[in-house]
Amino acid sequence: MRHPYYIILILMACLTACSHSNHSIPETFPFHLSDGNSKQLGAAQRYGLGRTLKDRSQVDGVVDRLVKISDCRYYRVDRLTHSVPYLTPGASKLLETIGRDFQKALKKSKLGTYRFIVTSVLRTEEDVRRLMKKNGNAVKKSTHQYATTFDITYSRFDHVSGKRATPKQLKYVLGKVLSNLRDKGRCYVMHERQQPCFHITSRR
C-alpha cells in the first residue's frame, strides 16, 4: 500500500496540471484593440499599393507585387465574396506570424490545435461599393483597398486536433497574440463588434 504522503503528492500534481488546463483561459476579453480607420488608413497608404483598384479586372496588373494567400497549417481562407486573396509581402508575413504565435499560445495553454479563419482581404473600389450596400460597418475609404489589411473572425475557428475549447477562449488567446504584436509595432488592430472580427493592418 502506498504511503499517504505519496498519495498527497499525486493529488497535488493532478491539481497543478488542472490549473494549466483550458479551464484557466478566461472567457472575458480584456484587450483594448481600437485602432480606428484613420490610423489604419495612414499605414495602409504608406505600406500598401500606391493606388486603389477600380474593379477585379485591374488585379492582374498588380499580382506580381502581392502574395496570394490560401489555406495552410495556420489559417483557413473563408469563401470570399467581396475581396480577393492577395496581400502585400509584409501583410502576408504578419498573417503567418499571427498564425504561428496563435498555435504556440494554444499549445502553451494545453489546448488543441486550431486554425483561425480569414474572412476578408484585398478589395477593389467596386467591392467596397457592393459591400456598403449590405454592411453598414463598411467605409468608402477602406484599408482593404491597399492589400495591407485582412479580417479574422473570432466567432468561428477550424478545429484540427486535440482538446476542444470554447470560441470565447479561442478569442482570448487570439486577442492576446494580436495585442502583443500591436505593442511591438507590427500592426494596428480594431476589435469589430457589429461584424465579429479583428480588422488588422500591417505596419510594414
# chains A, B, ... in the order shown; residues from 1 in each chain; ligands from 1
call {"tool": "residues_around", "arguments": {"residues": "Ala44 (chain A)", "least_positions_apart": "5", "cutoff": "6 Å", "atoms": "only C-alpha atoms", "output": "list in words"}}
result
Thr143, Tyr146 and Thr148 of chain A
call {"tool": "select_by_dssp", "arguments": {"residues": "region 5-192 of chain A", "states": "alpha helix (DSSP H)", "output": "number ranges by chain"}}
result
A: 5-19, 37-47, 89-108, 125-134, 167-183
call {"tool": "residues_around", "arguments": {"residues": "Asp64 (chain A)", "least_positions_apart": "6", "cutoff": "12 Å", "atoms": "only C-alpha atoms", "output": "number ranges by chain"}}
result
A: 49, 86-89
call {"tool": "residues_around", "arguments": {"residues": "Gln40 (chain A)", "least_positions_apart": "4", "cutoff": "10 Å", "atoms": "only C-alpha atoms", "output": "mmCIF file with N, CA and C atoms, in the first residue's frame"}}
result
data_model
loop_
_atom_site.group_PDB
_atom_site.id
_atom_site.type_symbol
_atom_site.label_atom_id
_atom_site.label_comp_id
_atom_site.auth_asym_id
_atom_site.auth_seq_id
_atom_site.Cartn_x
_atom_site.Cartn_y
_atom_site.Cartn_z
ATOM 1 N N ASP A 35 -7.853 50.563 -32.803
ATOM 2 C CA ASP A 35 -7.200 51.436 -33.776
ATOM 3 C C ASP A 35 -8.181 51.752 -34.900
ATOM 4 N N GLY A 36 -8.610 53.006 -34.961
ATOM 5 C CA GLY A 36 -9.643 53.407 -35.907
ATOM 6 C C GLY A 36 -9.195 53.436 -37.353
ATOM 7 N N ALA A 44 -1.877 51.856 -44.232
ATOM 8 C CA ALA A 44 -2.203 51.155 -45.479
ATOM 9 C C ALA A 44 -1.676 51.917 -46.683
ATOM 10 N N GLN A 45 -1.848 53.233 -46.678
ATOM 11 C CA GLN A 45 -1.386 54.040 -47.809
ATOM 12 C C GLN A 45 0.136 54.120 -47.855
ATOM 13 N N ARG A 46 0.772 54.014 -46.711
ATOM 14 C CA ARG A 46 2.234 54.085 -46.662
ATOM 15 C C ARG A 46 2.889 52.780 -47.115
ATOM 16 N N SER A 142 -11.582 52.358 -47.568
ATOM 17 C CA SER A 142 -11.268 51.127 -46.846
ATOM 18 C C SER A 142 -9.783 50.792 -46.943
ATOM 19 N N THR A 143 -9.198 50.428 -45.821
ATOM 20 C CA THR A 143 -7.799 49.996 -45.813
ATOM 21 C C THR A 143 -7.602 48.711 -46.610
ATOM 22 N N HIS A 144 -8.670 47.953 -46.785
ATOM 23 C CA HIS A 144 -8.588 46.712 -47.564
ATOM 24 C C HIS A 144 -8.189 46.980 -49.020
ATOM 25 N N THR A 148 -2.976 45.687 -47.511
ATOM 26 C CA THR A 148 -2.248 45.596 -46.245
ATOM 27 C C THR A 148 -3.112 45.059 -45.119
ATOM 28 N N THR A 149 -4.388 44.847 -45.418
ATOM 29 C CA THR A 149 -5.380 44.620 -44.363
ATOM 30 C C THR A 149 -6.137 43.320 -44.574
ATOM 31 N N CYS A 187 1.479 45.935 -36.161
ATOM 32 C CA CYS A 187 0.171 46.086 -36.787
ATOM 33 C C CYS A 187 -0.722 47.032 -35.995
ATOM 34 N N TYR A 188 -1.816 47.443 -36.648
ATOM 35 C CA TYR A 188 -2.932 48.094 -35.973
ATOM 36 C C TYR A 188 -4.089 47.111 -35.962
ATOM 37 N N VAL A 189 -4.899 47.153 -34.905
ATOM 38 C CA VAL A 189 -5.998 46.197 -34.766
ATOM 39 C C VAL A 189 -7.259 46.902 -34.278
ATOM 40 N N MET A 190 -8.365 46.591 -34.910
ATOM 41 C CA MET A 190 -9.672 47.039 -34.450
ATOM 42 C C MET A 190 -10.523 45.823 -34.086
ATOM 43 N N HIS A 199 -10.026 43.438 -37.285
ATOM 44 C CA HIS A 199 -9.655 44.141 -38.517
ATOM 45 C C HIS A 199 -8.205 44.594 -38.341
ATOM 46 N N ILE A 200 -7.299 44.041 -39.138
ATOM 47 C CA ILE A 200 -5.859 44.150 -38.883
ATOM 48 C C ILE A 200 -5.136 44.744 -40.088
ATOM 49 N N THR A 201 -4.309 45.755 -39.842
ATOM 50 C CA THR A 201 -3.490 46.364 -40.891
ATOM 51 C C THR A 201 -2.017 46.260 -40.531
ATOM 52 N N SER A 202 -1.238 45.782 -41.481
ATOM 53 C CA SER A 202 0.203 45.636 -41.275
ATOM 54 C C SER A 202 0.879 47.001 -41.256
ATOM 55 N N ARG A 203 1.921 47.118 -40.442
ATOM 56 C CA ARG A 203 2.679 48.370 -40.379
ATOM 57 C C ARG A 203 4.060 48.214 -40.994
#
call {"tool": "atom_distance", "arguments": {"atom1": "CA of Ile25 (chain A)", "atom2": "CA of Gly175 (chain A)"}}
result
12.1 Å
call {"tool": "closest_atom_pairs", "arguments": {"of": "region 22-93 of chain A", "to": "region 150-174 of chain A", "cutoff": "12 Å", "atoms": "only C-alpha atoms", "output": "Markdown table"}}
result
| residue | atom | partner | partner_atom | distance |
| --- | --- | --- | --- | --- |
| A:Asn22 | CA | A:Ala165 | CA | 6.9 |
| A:His23 | CA | A:Ala165 | CA | 8.9 |
| A:Ser24 | CA | A:Gln169 | CA | 9.3 |
| A:Ile25 | CA | A:Gln169 | CA | 5.9 |
| A:Pro26 | CA | A:Gln169 | CA | 6.1 |
| A:Glu27 | CA | A:Lys168 | CA | 5.0 |
| A:Thr28 | CA | A:Tyr172 | CA | 7.2 |
| A:Phe29 | CA | A:Tyr172 | CA | 5.9 |
| A:Pro30 | CA | A:Tyr172 | CA | 8.2 |
| A:Phe31 | CA | A:Tyr172 | CA | 8.4 |
| A:His32 | CA | A:Tyr172 | CA | 11.8 |
| A:Leu33 | CA | A:Leu174 | CA | 11.9 |
| A:Gln40 | CA | A:Phe150 | CA | 11.5 |
| A:Ala44 | CA | A:Phe150 | CA | 11.1 |
| A:Ile69 | CA | A:Phe150 | CA | 10.9 |
| A:Asp71 | CA | A:Asp158 | CA | 11.1 |
| A:Cys72 | CA | A:Asp158 | CA | 11.5 |
| A:Arg73 | CA | A:Val160 | CA | 9.3 |
| A:Tyr74 | CA | A:Asp158 | CA | 9.8 |
| A:Tyr75 | CA | A:Asp158 | CA | 8.1 |
| A:Arg76 | CA | A:Asp158 | CA | 7.6 |
| A:Val77 | CA | A:Ile152 | CA | 9.3 |
| A:Asp78 | CA | A:Ile152 | CA | 9.6 |
| A:Leu80 | CA | A:Asp151 | CA | 11.2 |
| A:Ser83 | CA | A:Phe150 | CA | 9.8 |
| A:Val84 | CA | A:Phe150 | CA | 10.6 |
| A:Pro85 | CA | A:Phe150 | CA | 9.4 |
| A:Tyr86 | CA | A:Phe150 | CA | 9.5 |
| A:Leu87 | CA | A:Phe150 | CA | 8.2 |
| A:Thr88 | CA | A:Phe150 | CA | 10.8 |
| A:Ala91 | CA | A:Phe150 | CA | 8.3 |
| A:Ser92 | CA | A:Phe150 | CA | 9.4 |
call {"tool": "select_by_dssp", "arguments": {"residues": "region 40-131 of chain A", "states": "strand (DSSP E)", "output": "VMD selection string"}}
result
chain A and resid 67 to 68 75 to 77 86 to 87 113 to 120
call {"tool": "write_last_selection", "arguments": {"atoms": "C-alpha atoms", "output": "PDB file, in the first residue's frame"}}
result
ATOM      1  CA  VAL A  67       1.320  37.373 -52.302  1.00  0.00           C
ATOM      2  CA  LYS A  68      -1.661  35.110 -52.903  1.00  0.00           C
ATOM      3  CA  TYR A  75      -5.239  29.560 -41.075  1.00  0.00           C
ATOM      4  CA  ARG A  76      -8.081  28.903 -43.481  1.00  0.00           C
ATOM      5  CA  VAL A  77      -9.319  31.391 -46.068  1.00  0.00           C
ATOM      6  CA  TYR A  86      -3.933  38.897 -52.079  1.00  0.00           C
ATOM      7  CA  LEU A  87      -1.738  40.775 -49.594  1.00  0.00           C
ATOM      8  CA  THR A 113      -4.713  22.723 -32.488  1.00  0.00           C
ATOM      9  CA  TYR A 114      -6.912  25.293 -34.232  1.00  0.00           C
ATOM     10  CA  ARG A 115      -6.664  27.411 -37.345  1.00  0.00           C
ATOM     11  CA  PHE A 116      -8.294  30.827 -37.428  1.00  0.00           C
ATOM     12  CA  ILE A 117     -10.355  31.896 -40.437  1.00  0.00           C
ATOM     13  CA  VAL A 118      -9.554  34.858 -42.701  1.00  0.00           C
ATOM     14  CA  THR A 119     -12.803  36.429 -43.911  1.00  0.00           C
ATOM     15  CA  SER A 120     -11.720  39.445 -45.978  1.00  0.00           C
TER      16      SER A 120
END
